[in-house]
$ cat protein16.txt   # compact mmCIF, C-alpha atoms and all ligand atoms
# COMPACT_ATOMS: atom_id res chain seq x y z
CA MET A 1 -4.38 34.59 9.06
CA ASN A 2 -5.74 31.04 8.62
CA THR A 3 -8.24 29.40 10.96
CA SER A 4 -5.72 27.16 12.74
CA GLN A 5 -3.71 30.21 13.82
CA GLN A 6 -6.82 31.73 15.39
CA ILE A 7 -7.46 28.68 17.59
CA PRO A 8 -5.22 28.81 20.68
CA LEU A 9 -2.60 26.07 20.58
CA TYR A 10 -3.24 23.41 23.21
CA TYR A 11 -1.67 19.97 23.64
CA ASP A 12 -1.98 17.18 26.16
CA PRO A 13 -2.08 13.43 25.54
CA TYR A 14 -5.13 12.84 27.76
CA LYS A 15 -7.89 14.41 25.66
CA PRO A 16 -9.23 11.64 23.40
CA GLU A 17 -10.13 14.18 20.68
CA ILE A 18 -6.45 15.25 20.52
CA TRP A 19 -4.94 11.82 21.07
CA GLN A 20 -6.86 9.94 18.41
CA ASP A 21 -5.52 12.19 15.64
CA PRO A 22 -2.81 14.47 17.09
CA TYR A 23 -0.92 15.30 13.89
CA ARG A 24 -2.49 18.67 13.05
CA ILE A 25 -1.67 19.89 16.57
CA LEU A 26 1.80 18.32 16.52
CA LYS A 27 2.57 20.15 13.26
CA ARG A 28 1.52 23.42 14.91
CA LEU A 29 3.65 22.61 17.97
CA ARG A 30 6.73 22.09 15.80
CA LYS A 31 6.11 25.38 14.02
CA GLU A 32 4.68 27.66 16.70
CA ALA A 33 5.93 26.24 20.02
CA PRO A 34 8.73 23.69 19.61
CA LEU A 35 9.17 23.97 23.36
CA TYR A 36 5.62 23.97 24.72
CA TYR A 37 4.52 24.27 28.33
CA ASN A 38 1.24 22.72 29.47
CA GLU A 39 0.00 24.56 32.56
CA GLU A 40 -2.88 22.25 33.36
CA TYR A 41 -0.65 19.18 33.84
CA ASP A 42 2.61 21.09 34.41
CA PHE A 43 4.90 19.52 31.83
CA TYR A 44 7.02 20.67 28.87
CA ALA A 45 6.59 19.08 25.44
CA VAL A 46 9.39 18.83 22.86
CA SER A 47 8.24 18.11 19.33
CA CYS A 48 10.99 18.71 16.70
CA TYR A 49 13.18 15.81 15.59
CA GLY A 50 16.54 17.38 16.48
CA ASP A 51 15.43 18.44 19.98
CA VAL A 52 13.82 15.06 20.73
CA ALA A 53 16.88 13.10 19.56
CA ALA A 54 19.30 15.37 21.48
CA GLY A 55 17.21 15.14 24.67
CA LEU A 56 17.01 11.35 24.59
CA MET A 57 20.80 11.17 24.11
CA ASP A 58 21.37 13.26 27.26
CA ALA A 59 20.38 10.79 30.00
CA ALA A 60 22.28 12.72 32.68
CA THR A 61 20.07 15.81 32.25
CA PHE A 62 16.88 13.95 31.31
CA SER A 63 16.56 11.14 33.82
CA SER A 64 14.43 7.98 33.56
CA ALA A 65 14.85 7.03 37.22
CA ARG A 66 11.33 8.24 38.09
CA GLY A 67 9.75 6.61 35.04
CA ASN A 68 9.11 7.62 31.43
CA ILE A 69 5.40 8.46 31.67
CA ILE A 70 4.40 12.01 32.76
CA GLU A 71 2.02 10.96 35.55
CA LEU A 72 4.36 8.27 36.92
CA ILE A 73 7.24 10.78 37.15
CA LYS A 74 4.98 13.21 39.00
CA SER A 75 3.82 10.52 41.44
CA ASP A 76 7.40 10.17 42.73
CA PHE A 77 6.77 6.44 43.24
CA GLN A 78 9.74 4.16 43.99
CA PHE A 79 9.80 1.43 41.35
CA PRO A 80 11.45 -1.92 42.15
CA PRO A 81 14.94 -2.58 40.74
CA GLY A 82 15.09 -4.33 37.37
CA ILE A 83 12.56 -2.15 35.50
CA ILE A 84 15.39 -0.86 33.33
CA ILE A 85 13.21 1.60 31.40
CA MET A 86 12.91 3.45 34.75
CA GLU A 87 16.58 3.33 35.70
CA ASP A 88 19.64 5.57 35.16
CA PRO A 89 23.27 4.49 34.92
CA PRO A 90 25.14 2.87 36.52
CA ILE A 91 22.47 0.31 37.52
CA HIS A 92 20.71 0.68 34.16
CA THR A 93 23.92 -0.22 32.34
CA ALA A 94 24.48 -3.31 34.52
CA HIS A 95 20.87 -4.57 34.26
CA ARG A 96 20.60 -3.87 30.52
CA LYS A 97 23.76 -5.90 29.89
CA VAL A 98 22.21 -8.95 31.56
CA LEU A 99 18.86 -8.53 29.80
CA SER A 100 20.64 -8.19 26.44
CA LEU A 101 21.60 -11.87 26.73
CA LEU A 102 18.01 -12.70 25.77
CA PHE A 103 18.14 -10.71 22.56
CA THR A 104 21.09 -12.27 20.73
CA PRO A 105 20.54 -12.63 16.96
CA LYS A 106 20.58 -16.42 17.51
CA ASN A 107 17.75 -16.31 20.08
CA ILE A 108 15.66 -14.00 17.91
CA HIS A 109 16.26 -15.99 14.72
CA HIS A 110 15.31 -19.18 16.57
CA LEU A 111 11.79 -17.74 17.09
CA GLU A 112 11.03 -17.06 13.40
CA GLY A 113 9.37 -20.40 12.59
CA LYS A 114 7.39 -20.40 15.83
CA ILE A 115 6.13 -16.84 15.25
CA ARG A 116 5.05 -17.82 11.73
CA GLY A 117 3.20 -20.84 13.12
CA ILE A 118 1.30 -18.67 15.63
CA CYS A 119 0.40 -16.00 13.01
CA SER A 120 -0.65 -18.62 10.50
CA GLN A 121 -2.91 -20.32 13.03
CA CYS A 122 -4.41 -17.00 14.18
CA MET A 123 -5.22 -16.06 10.57
CA ASP A 124 -6.70 -19.45 9.63
CA THR A 125 -8.89 -19.56 12.76
CA ALA A 126 -10.21 -16.06 12.05
CA LEU A 127 -10.83 -16.72 8.36
CA GLU A 128 -12.69 -19.93 9.20
CA LYS A 129 -15.13 -18.05 11.41
CA GLY A 130 -15.59 -15.55 8.56
CA HIS A 131 -14.41 -12.30 10.14
CA PHE A 132 -11.00 -10.92 11.00
CA ASP A 133 -9.79 -8.32 13.48
CA PHE A 134 -6.16 -7.16 13.00
CA VAL A 135 -5.78 -6.58 16.75
CA THR A 136 -7.93 -9.08 18.66
CA ASP A 137 -7.34 -11.98 16.22
CA LEU A 138 -3.65 -11.39 15.47
CA GLY A 139 -1.91 -8.41 17.12
CA ALA A 140 -3.07 -9.19 20.64
CA GLN A 141 -2.55 -12.96 20.30
CA MET A 142 1.00 -13.34 19.08
CA PRO A 143 3.42 -10.98 20.96
CA MET A 144 2.68 -12.34 24.45
CA GLN A 145 3.13 -15.93 23.27
CA VAL A 146 6.46 -14.88 21.75
CA ILE A 147 7.64 -13.30 25.04
CA GLY A 148 6.58 -16.52 26.76
CA MET A 149 8.66 -18.58 24.32
CA LEU A 150 11.62 -16.24 24.67
CA LEU A 151 11.59 -16.62 28.44
CA GLY A 152 10.29 -20.17 28.73
CA ILE A 153 7.17 -19.15 30.70
CA PRO A 154 4.50 -21.90 30.78
CA GLU A 155 1.40 -21.07 28.70
CA GLN A 156 -0.98 -21.25 31.68
CA ASP A 157 0.94 -18.41 33.43
CA LEU A 158 1.13 -16.20 30.34
CA HIS A 159 -2.45 -14.96 30.30
CA HIS A 160 -2.27 -13.89 33.94
CA ILE A 161 0.99 -11.99 33.41
CA GLN A 162 -0.51 -10.29 30.36
CA GLU A 163 -3.55 -9.17 32.37
CA ILE A 164 -1.57 -7.64 35.21
CA THR A 165 1.00 -5.94 33.00
CA ASP A 166 -1.65 -4.55 30.60
CA ALA A 167 -3.41 -3.10 33.65
CA THR A 168 -0.22 -1.20 34.59
CA ILE A 169 -0.36 1.02 31.51
CA ARG A 170 -4.12 1.38 31.07
CA ALA A 171 -6.00 4.56 31.84
CA GLU A 172 -9.64 5.59 31.72
CA SER A 173 -10.52 7.64 28.66
CA GLY A 174 -9.45 11.27 29.09
CA LYS A 175 -7.57 10.59 32.35
CA PRO A 176 -3.90 10.11 33.22
CA ILE A 177 -2.65 6.73 34.49
CA ASN A 178 -3.01 6.30 38.26
CA ALA A 179 0.51 5.60 39.54
CA GLU A 180 -0.67 3.92 42.75
CA THR A 181 -2.77 1.32 40.94
CA SER A 182 -0.27 0.86 38.13
CA ILE A 183 2.11 -1.29 40.15
CA CYS A 184 1.72 -4.95 39.30
CA ASP A 185 0.82 -7.66 41.71
CA ALA A 186 3.66 -9.98 40.88
CA GLU A 187 3.20 -12.50 43.71
CA ASP A 188 1.95 -15.38 41.55
CA PHE A 189 4.70 -14.87 39.08
CA GLU A 190 7.36 -14.78 41.77
CA GLY A 191 6.09 -18.23 42.79
CA TYR A 192 6.85 -19.48 39.29
CA ILE A 193 10.36 -18.01 39.33
CA GLU A 194 11.07 -19.55 42.75
CA TRP A 195 9.93 -22.92 41.38
CA ARG A 196 12.17 -22.42 38.34
CA GLN A 197 15.13 -21.59 40.61
CA LYS A 198 14.68 -24.97 42.31
CA ASN A 199 14.05 -26.75 39.00
CA PRO A 200 16.58 -25.32 36.52
CA SER A 201 16.42 -26.28 32.83
CA ASP A 202 18.30 -25.20 29.72
CA ASP A 203 15.90 -22.34 28.97
CA ILE A 204 16.56 -18.60 28.87
CA MET A 205 14.92 -17.94 32.23
CA THR A 206 17.46 -20.26 33.85
CA LEU A 207 20.24 -18.38 32.02
CA LEU A 208 18.86 -15.11 33.42
CA MET A 209 18.84 -16.58 36.94
CA ASN A 210 22.37 -17.93 36.76
CA THR A 211 24.19 -15.10 35.01
CA GLU A 212 26.62 -13.22 37.22
CA PHE A 213 27.08 -9.48 36.74
CA LYS A 214 28.79 -6.54 38.43
CA ASP A 215 26.14 -4.30 40.00
CA ASP A 216 26.27 -0.53 40.62
CA THR A 217 28.27 -1.05 43.85
CA GLY A 218 30.86 -3.16 42.00
CA THR A 219 29.63 -6.39 43.62
CA GLN A 220 29.72 -9.53 41.46
CA ARG A 221 26.38 -11.33 41.96
CA LYS A 222 23.32 -12.98 40.38
CA LEU A 223 19.99 -11.16 39.86
CA THR A 224 17.65 -11.21 42.86
CA LEU A 225 14.14 -12.66 42.63
CA GLU A 226 12.78 -9.09 42.66
CA GLU A 227 15.04 -8.01 39.78
CA ILE A 228 14.12 -11.02 37.62
CA THR A 229 10.41 -10.52 38.29
CA SER A 230 10.68 -6.81 37.39
CA MET A 231 12.54 -7.58 34.15
CA VAL A 232 9.96 -10.13 33.04
CA MET A 233 7.07 -7.81 33.92
CA LEU A 234 8.77 -5.00 32.00
CA MET A 235 9.28 -7.18 28.93
CA SER A 236 5.66 -8.15 29.02
CA ALA A 237 4.50 -4.53 29.40
CA ALA A 238 6.97 -3.10 26.86
CA GLY A 239 6.82 -5.80 24.20
CA ASN A 240 3.20 -6.80 24.15
CA GLU A 241 0.81 -3.91 23.55
CA THR A 242 3.37 -2.03 21.46
CA THR A 243 3.71 -4.83 18.91
CA SER A 244 -0.02 -5.46 19.01
CA ARG A 245 -0.60 -1.79 18.14
CA LEU A 246 1.93 -1.96 15.29
CA ILE A 247 -0.12 -4.71 13.62
CA GLY A 248 -3.34 -2.73 14.15
CA TRP A 249 -1.78 0.36 12.59
CA ALA A 250 -0.50 -1.66 9.61
CA GLY A 251 -4.06 -2.94 9.01
CA LYS A 252 -5.53 0.57 9.19
CA ILE A 253 -2.93 2.44 7.16
CA LEU A 254 -2.82 -0.15 4.36
CA ALA A 255 -6.63 -0.14 4.19
CA GLU A 256 -6.42 3.60 3.56
CA HIS A 257 -3.64 3.33 0.94
CA PRO A 258 -4.90 0.73 -1.56
CA ASP A 259 -2.23 1.53 -4.20
CA GLN A 260 0.63 0.87 -1.81
CA ARG A 261 -1.21 -2.16 -0.38
CA HIS A 262 -1.40 -3.65 -3.88
CA GLN A 263 2.30 -3.00 -4.45
CA VAL A 264 3.11 -4.94 -1.27
CA ALA A 265 0.65 -7.72 -2.13
CA ASP A 266 2.33 -8.10 -5.55
CA ASP A 267 5.88 -7.92 -4.16
CA ARG A 268 6.16 -9.19 -0.61
CA SER A 269 9.85 -8.24 -0.42
CA LEU A 270 8.46 -4.71 0.22
CA ILE A 271 7.05 -5.82 3.60
CA PRO A 272 10.09 -4.81 5.75
CA ALA A 273 10.13 -1.31 4.19
CA MET A 274 6.36 -1.07 4.66
CA ILE A 275 6.69 -2.04 8.37
CA GLU A 276 9.42 0.59 8.83
CA GLU A 277 7.19 3.28 7.33
CA VAL A 278 4.23 2.17 9.49
CA LEU A 279 6.51 2.47 12.54
CA ARG A 280 7.48 5.99 11.47
CA PHE A 281 3.97 7.07 10.50
CA GLU A 282 2.15 5.84 13.63
CA ALA A 283 4.52 5.28 16.56
CA PRO A 284 2.84 2.89 19.05
CA GLY A 285 4.83 4.40 21.93
CA ALA A 286 4.08 7.95 20.90
CA HIS A 287 6.10 9.74 23.57
CA ALA A 288 8.78 9.25 26.25
CA ALA A 289 8.90 11.56 29.28
CA ARG A 290 11.85 12.41 31.52
CA TYR A 291 12.62 14.11 34.85
CA VAL A 292 14.95 17.13 34.53
CA THR A 293 17.99 16.86 36.84
CA ARG A 294 19.44 20.39 36.29
CA ASP A 295 18.35 23.71 34.78
CA VAL A 296 18.65 23.24 31.03
CA ILE A 297 18.11 25.48 28.00
CA ILE A 298 16.07 24.32 25.02
CA ARG A 299 15.10 26.78 22.26
CA ASN A 300 16.49 29.69 24.32
CA GLN A 301 14.18 28.91 27.21
CA THR A 302 15.28 27.58 30.60
CA ILE A 303 13.56 24.44 31.82
CA PRO A 304 14.02 24.38 35.60
CA LYS A 305 15.47 21.41 37.46
CA GLY A 306 12.64 19.19 38.74
CA SER A 307 10.43 19.70 35.66
CA VAL A 308 8.93 16.96 33.52
CA VAL A 309 9.68 16.97 29.79
CA ASP A 310 7.68 14.92 27.32
CA PHE A 311 9.62 14.00 24.17
CA ILE A 312 6.98 13.42 21.49
CA LEU A 313 8.40 10.66 19.28
CA ALA A 314 5.30 10.66 17.07
CA SER A 315 5.92 14.34 16.30
CA ALA A 316 9.65 13.93 15.60
CA ASN A 317 8.71 11.17 13.13
CA ARG A 318 6.61 13.60 11.05
CA ASP A 319 9.14 16.46 11.08
CA ASP A 320 9.48 17.71 7.49
CA ALA A 321 13.05 18.83 8.27
CA ILE A 322 14.05 15.14 8.30
CA PHE A 323 11.25 13.34 6.45
CA GLU A 324 10.12 14.96 3.19
CA ASN A 325 6.33 15.44 3.33
CA GLY A 326 6.37 13.88 6.78
CA ASP A 327 2.59 13.59 6.99
CA GLU A 328 2.52 11.41 3.88
CA PHE A 329 2.67 7.58 4.09
CA ASN A 330 5.20 6.33 1.56
CA ILE A 331 6.65 2.80 1.66
CA HIS A 332 9.41 3.88 -0.76
CA ARG A 333 10.75 6.55 1.58
CA ARG A 334 14.55 6.13 1.75
CA ASN A 335 15.10 7.23 5.35
CA ALA A 336 12.01 5.83 7.12
CA ASN A 337 14.29 3.92 9.50
CA ALA A 338 15.61 7.21 10.91
CA HIS A 339 12.35 7.33 12.91
CA LEU A 340 12.49 7.59 16.70
CA THR A 341 9.75 5.02 17.35
CA PHE A 342 12.18 2.80 19.25
CA GLY A 343 13.64 5.76 21.15
CA LYS A 344 17.29 6.83 21.07
CA GLY A 345 20.30 6.68 23.38
CA ILE A 346 20.83 4.33 26.30
CA HIS A 347 17.15 3.33 26.55
CA THR A 348 16.73 2.47 22.84
CA CYS A 349 14.26 -0.42 22.64
CA ILE A 350 16.04 -3.65 23.47
CA GLY A 351 13.38 -5.66 21.59
CA LEU A 352 13.46 -3.71 18.32
CA ALA A 353 14.77 -6.58 16.16
CA LEU A 354 12.12 -8.89 17.59
CA ALA A 355 9.36 -6.29 17.09
CA ARG A 356 10.38 -5.74 13.45
CA MET A 357 10.44 -9.49 12.85
CA GLU A 358 7.02 -9.98 14.47
CA GLY A 359 5.52 -7.17 12.36
CA ARG A 360 7.07 -8.57 9.17
CA ILE A 361 5.92 -12.14 9.74
CA ALA A 362 2.40 -11.09 10.80
CA MET A 363 1.95 -9.08 7.60
CA GLU A 364 3.52 -11.82 5.44
CA GLU A 365 0.89 -14.22 6.77
CA VAL A 366 -1.87 -11.64 6.14
CA PHE A 367 -0.74 -11.04 2.53
CA LYS A 368 -0.51 -14.79 1.86
CA ARG A 369 -4.26 -14.92 2.35
CA VAL A 370 -5.64 -11.46 1.67
CA ARG A 371 -5.09 -8.65 -0.87
CA ASP A 372 -7.93 -6.26 -0.15
CA TRP A 373 -9.63 -5.12 3.02
CA GLU A 374 -11.55 -2.24 4.51
CA VAL A 375 -11.79 -1.30 8.18
CA ASP A 376 -15.18 -1.72 9.84
CA TYR A 377 -15.02 1.62 11.68
CA ASP A 378 -18.48 1.13 13.24
CA LYS A 379 -17.00 -1.67 15.34
CA ALA A 380 -13.34 -0.55 15.64
CA GLU A 381 -12.24 0.65 19.10
CA PHE A 382 -9.45 3.13 19.79
CA SER A 383 -7.61 2.51 23.07
CA PRO A 384 -7.88 5.15 25.82
CA THR A 385 -4.31 4.29 26.95
CA THR A 386 -1.99 7.26 26.50
CA SER A 387 1.36 5.49 26.96
CA VAL A 388 0.79 3.16 23.99
CA ARG A 389 -1.28 4.69 21.20
CA GLY A 390 -3.48 2.64 18.87
CA TRP A 391 -6.42 0.34 18.38
CA ASP A 392 -7.88 -2.16 20.86
CA SER A 393 -9.95 -3.63 18.05
CA LEU A 394 -9.67 -3.18 14.27
CA PRO A 395 -12.15 -5.46 12.47
CA ALA A 396 -11.90 -5.57 8.68
CA PHE A 397 -14.04 -6.66 5.72
CA LEU A 398 -11.72 -8.92 3.73
CA SER A 399 -11.48 -10.13 0.15
CA THR A 400 -9.48 -13.35 0.46
CA ARG A 401 -7.08 -14.48 -2.29
C1 LIG B 501 6.56 -2.03 17.90
C2 LIG B 501 6.98 -2.50 19.07
C3 LIG B 501 7.78 -1.71 20.05
C4 LIG B 501 7.90 -0.34 20.21
C5 LIG B 501 7.25 0.75 19.39
C6 LIG B 501 8.79 -0.12 21.33
C7 LIG B 501 9.20 1.14 21.76
C8 LIG B 501 10.11 1.36 22.77
C9 LIG B 501 10.64 2.66 23.15
C10 LIG B 501 10.24 3.99 22.54
C11 LIG B 501 11.53 2.46 24.16
C12 LIG B 501 12.35 3.55 24.88
C13 LIG B 501 11.53 4.24 25.94
C14 LIG B 501 12.26 5.39 26.59
O1 LIG B 501 13.28 5.87 26.07
O2 LIG B 501 11.79 5.85 27.64
C15 LIG B 501 11.57 1.05 24.44
C16 LIG B 501 12.33 0.47 25.41
C17 LIG B 501 12.24 -0.89 25.74
N1 LIG B 501 11.59 -1.87 25.03
FE1 LIG B 501 10.50 -1.62 23.36
N2 LIG B 501 9.18 -1.32 21.84
C18 LIG B 501 8.59 -2.32 21.09
C19 LIG B 501 8.76 -3.68 21.26
C20 LIG B 501 9.45 -4.28 22.27
C21 LIG B 501 9.60 -5.71 22.47
C22 LIG B 501 9.05 -6.78 21.53
C23 LIG B 501 10.30 -5.88 23.64
C24 LIG B 501 10.72 -7.14 24.34
C25 LIG B 501 10.14 -8.29 24.24
C26 LIG B 501 10.60 -4.56 24.17
C27 LIG B 501 11.29 -4.31 25.32
C28 LIG B 501 11.76 -3.06 25.70
C29 LIG B 501 12.57 -2.84 26.89
C30 LIG B 501 13.00 -3.91 27.90
C31 LIG B 501 12.87 -1.48 26.91
C32 LIG B 501 13.71 -0.72 27.95
C33 LIG B 501 15.12 -0.55 27.44
C34 LIG B 501 15.97 0.32 28.37
O3 LIG B 501 15.43 1.07 29.17
O4 LIG B 501 17.21 0.22 28.29
N3 LIG B 501 10.09 -3.62 23.30
N4 LIG B 501 10.71 0.40 23.56
$ encode --input "protein16.txt" --output "structure tokens"
Amino acid sequence: MNTSQQIPLYYDPYKPEIWQDPYRILKRLRKEAPLYYNEEYDFYAVSCYGDVAAGLMDAATFSSARGNIIELIKSDFQFPPGIIIMEDPPIHTAHRKVLSLLFTPKNIHHLEGKIRGICSQCMDTALEKGHFDFVTDLGAQMPMQVIGMLLGIPEQDLHHIQEITDATIRAESGKPINAETSICDAEDFEGYIEWRQKNPSDDIMTLLMNTEFKDDTGTQRKLTLEEITSMVMLMSAAGNETTSRLIGWAGKILAEHPDQRHQVADDRSLIPAMIEEVLRFEAPGAHAARYVTRDVIIRNQTIPKGSVVDFILASANRDDAIFENGDEFNIHRRNANAHLTFGKGIHTCIGLALARMEGRIAMEEVFKRVRDWEVDYDKAEFSPTTSVRGWDSLPAFLSTR
């Protein structure tokens, strides 16, 4: 018997010592308890690729209507309409259709030059001052500005929205998120939307306000102020820290894999494949939880109606049954894009093309200037947030080109 088998198997996402490097425990979960029950927090955890993918495809059994974070589901809080990640069909289908109008290939493509400009400026400013942090100087700067451009939100309002939405998903180290304090104070932002309603322009926000859709009652109507506010807040919460974490992870993983970093530096056409493998290897949104609407059997065990199930995307992404040597980082992996980092089924990330483009451009701008770096772990800070996993700060010692 080896040592790991003698240590009782325990998993929750709240213990920093587990959360910072969960992969040894996730491997044991897949092998020893693919359906795991955590008594302390009363939730089930599903860790193998096939079970996670099947669960996410079954939205009728595994509902999002109470949220997709364990502690929010348990709080039984009523979220306002328009937060589509916390909705079930039919209203989810209707809302998602309207929101999809923002993410046409044309709208996304239109942002490429602007994203490059932001990344380039972030890099040059950091290099001028002589030190560079993958998260605070680049990852945390660019995604919110991009969401602002996508929606046409004035720059002065962006910072405020970022602060209130970041606060919704933050937790103290070692503790779950507090559902009561996680609800955003959207009053100021509603003021902006009301002003925009009276002063329409040709931007995307105006399009969102004027689009008619058939709601869950079959009524043809425009979005309400509350729905628009919720959608914008959701986009800010879902598209900001996640992308920021992706860039932090790329900085860390490439620092630890100098051979593959050099291959990318010498052939920048490898950047999209590298980003895909980073997404697989370190999923920023490491898990997605659901409320169980009926008794259901997984792995010959009944999960009772009313339970909470946590689908661990980060574990599915390392499953050797799908990804050969899943715990190995390999930019030449053929099927990296089979990862579940953007979810699966009706809630699949609506911003995935934008996120991939942001990651690609950010790293293109890094590699234009830098070939070698090492992480300054004495100053790096790992985020206590459990909904989005990664670094709040990742400073690096650089060798510029
Ligand atoms: C690396 C970056 C990103 C990651 C890892 C990520 C991950 C995810 C995941 C896993 C889901 C599904 C959650 C569930 O099933 O419960 C999701 C949904 C969503 N994401 Fe992303 N996301 C990223 C970037 C973005 C961006 C840039 C935007 C928009 C600007 C965005 C907007 C959304 C929205 C609106 C949903 C809800 C979709 C629905 O419920 O139908 N995400 N994302």
$ closest_residue --input "protein16.txt" --among "A:Val370, A:Ala338, A:Leu29, A:Ile147" --to "ligand LIG 501 (chain B)" --atoms "only C-alpha atoms and all ligand atoms"
A:Ile147
$ residues_around --input "protein16.txt" --residues "Asp58 of chain A" --least-positions-apart "4" --cutoff "10 Å" --atoms "all atoms listed in the file" --output "PyMOL selection string"
chain A and resi 53-54+62-63+344-346
$ residues_around --input "protein16.txt" --residues "segment 148-158 of chain A" --least-positions-apart "4" --cutoff "12 Å" --atoms "all atoms listed in the file" --output "NGL selection string"
:A and (99 or 101-104 or 106-115 or 118 or 141-144 or 162-166 or 186 or 188-193 or 195-196 or 200-209 or 228-229 or 231-233 or 235-236 or 239-240 or 351 or 354)
$ closest_residue --input "protein16.txt" --among "A:Val98, A:Leu56, A:Ile297, A:Ala65" --to "ligand LIG 501 (chain B)" --atoms "all atoms listed in the file"
A:Leu56
$ residues_around --input "protein16.txt" --residues "segment 71-88 of chain A" --least-positions-apart "2" --cutoff "7 Å" --atoms "all atoms listed in the file" --output "VMD selection string"
chain A and resid 63 to 69 90 to 92 95 to 96 176 to 177 179 227 to 228 230 to 231 234 291 347
$ closest_residue --input "protein16.txt" --among "A:Cys122, A:Ile350, A:Ile253, A:Val366" --to "ligand LIG 501 (chain B)" --atoms "only C-alpha atoms and all ligand atoms"
A:Ile350
$ closest_residue --input "protein16.txt" --among "A:Pro89, A:Pro395, A:Gly117, A:Gly218" --to "ligand LIG 501 (chain B)" --atoms "all atoms listed in the file"
A:Pro89
$ atom_distance --input "protein16.txt" --atom1 "atom CA of Lys97 of chain A" --atom2 "atom CA of Gln145 of chain A"
23.9 Å
$ residues_near_point --input "protein16.txt" --point "(11.4, 7.6, 15.4)" --cutoff "7 Å" --atoms "all atoms listed in the file" --output "ChimeraX atom specification"
/A:280,313,316-317,338-343
$ axis_aligned_box --input "protein16.txt" --around "segment 20-27 of chain A" --padding-each-side "4 Å" --output "AutoDock Vina command-line options"
--center_x -2.1 --center_y 15.0 --center_z 15.7 --size_x 17.4 --size_y 18.2 --size_z 13.4
$ atom_distance --input "protein16.txt" --atom1 "atom CA of Asp216 of chain A" --atom2 "atom C17 of ligand LIG 501 (chain B)"
20.5 Å
$ atom_distance --input "protein16.txt" --atom1 "atom CA of Asp372 of chain A" --atom2 "atom CA of Glu328 of chain A"
20.9 Å
$ closest_residue --input "protein16.txt" --among "A:Asn325, A:Gln220, A:Thr61, A:Ser244" --to "ligand LIG 501 (chain B)" --atoms "all atoms listed in the file"
A:Ser244
$ closest_residue --input "protein16.txt" --among "A:Leu254, A:Leu398, A:Val309, A:Ala336" --to "Val296 of chain A" --atoms "all atoms listed in the file"
A:Val309
$ residues_near_point --input "protein16.txt" --point "(-3.7, -9.1, 13.8)" --cutoff "9 Å" --atoms "only C-alpha atoms" --output "number ranges by chain"
A: 119, 122-123, 132-142, 244, 247-248, 251, 362-363, 366, 394
$ residues_around --input "protein16.txt" --residues "Phe43 of chain A" --least-positions-apart "3" --cutoff "9 Å" --atoms "only C-alpha atoms" --output "list in words"
Tyr36, Tyr37, Asn38, Glu39, Glu40, Ile70, Ser307, Val308, Val309 and Asp310 of chain A
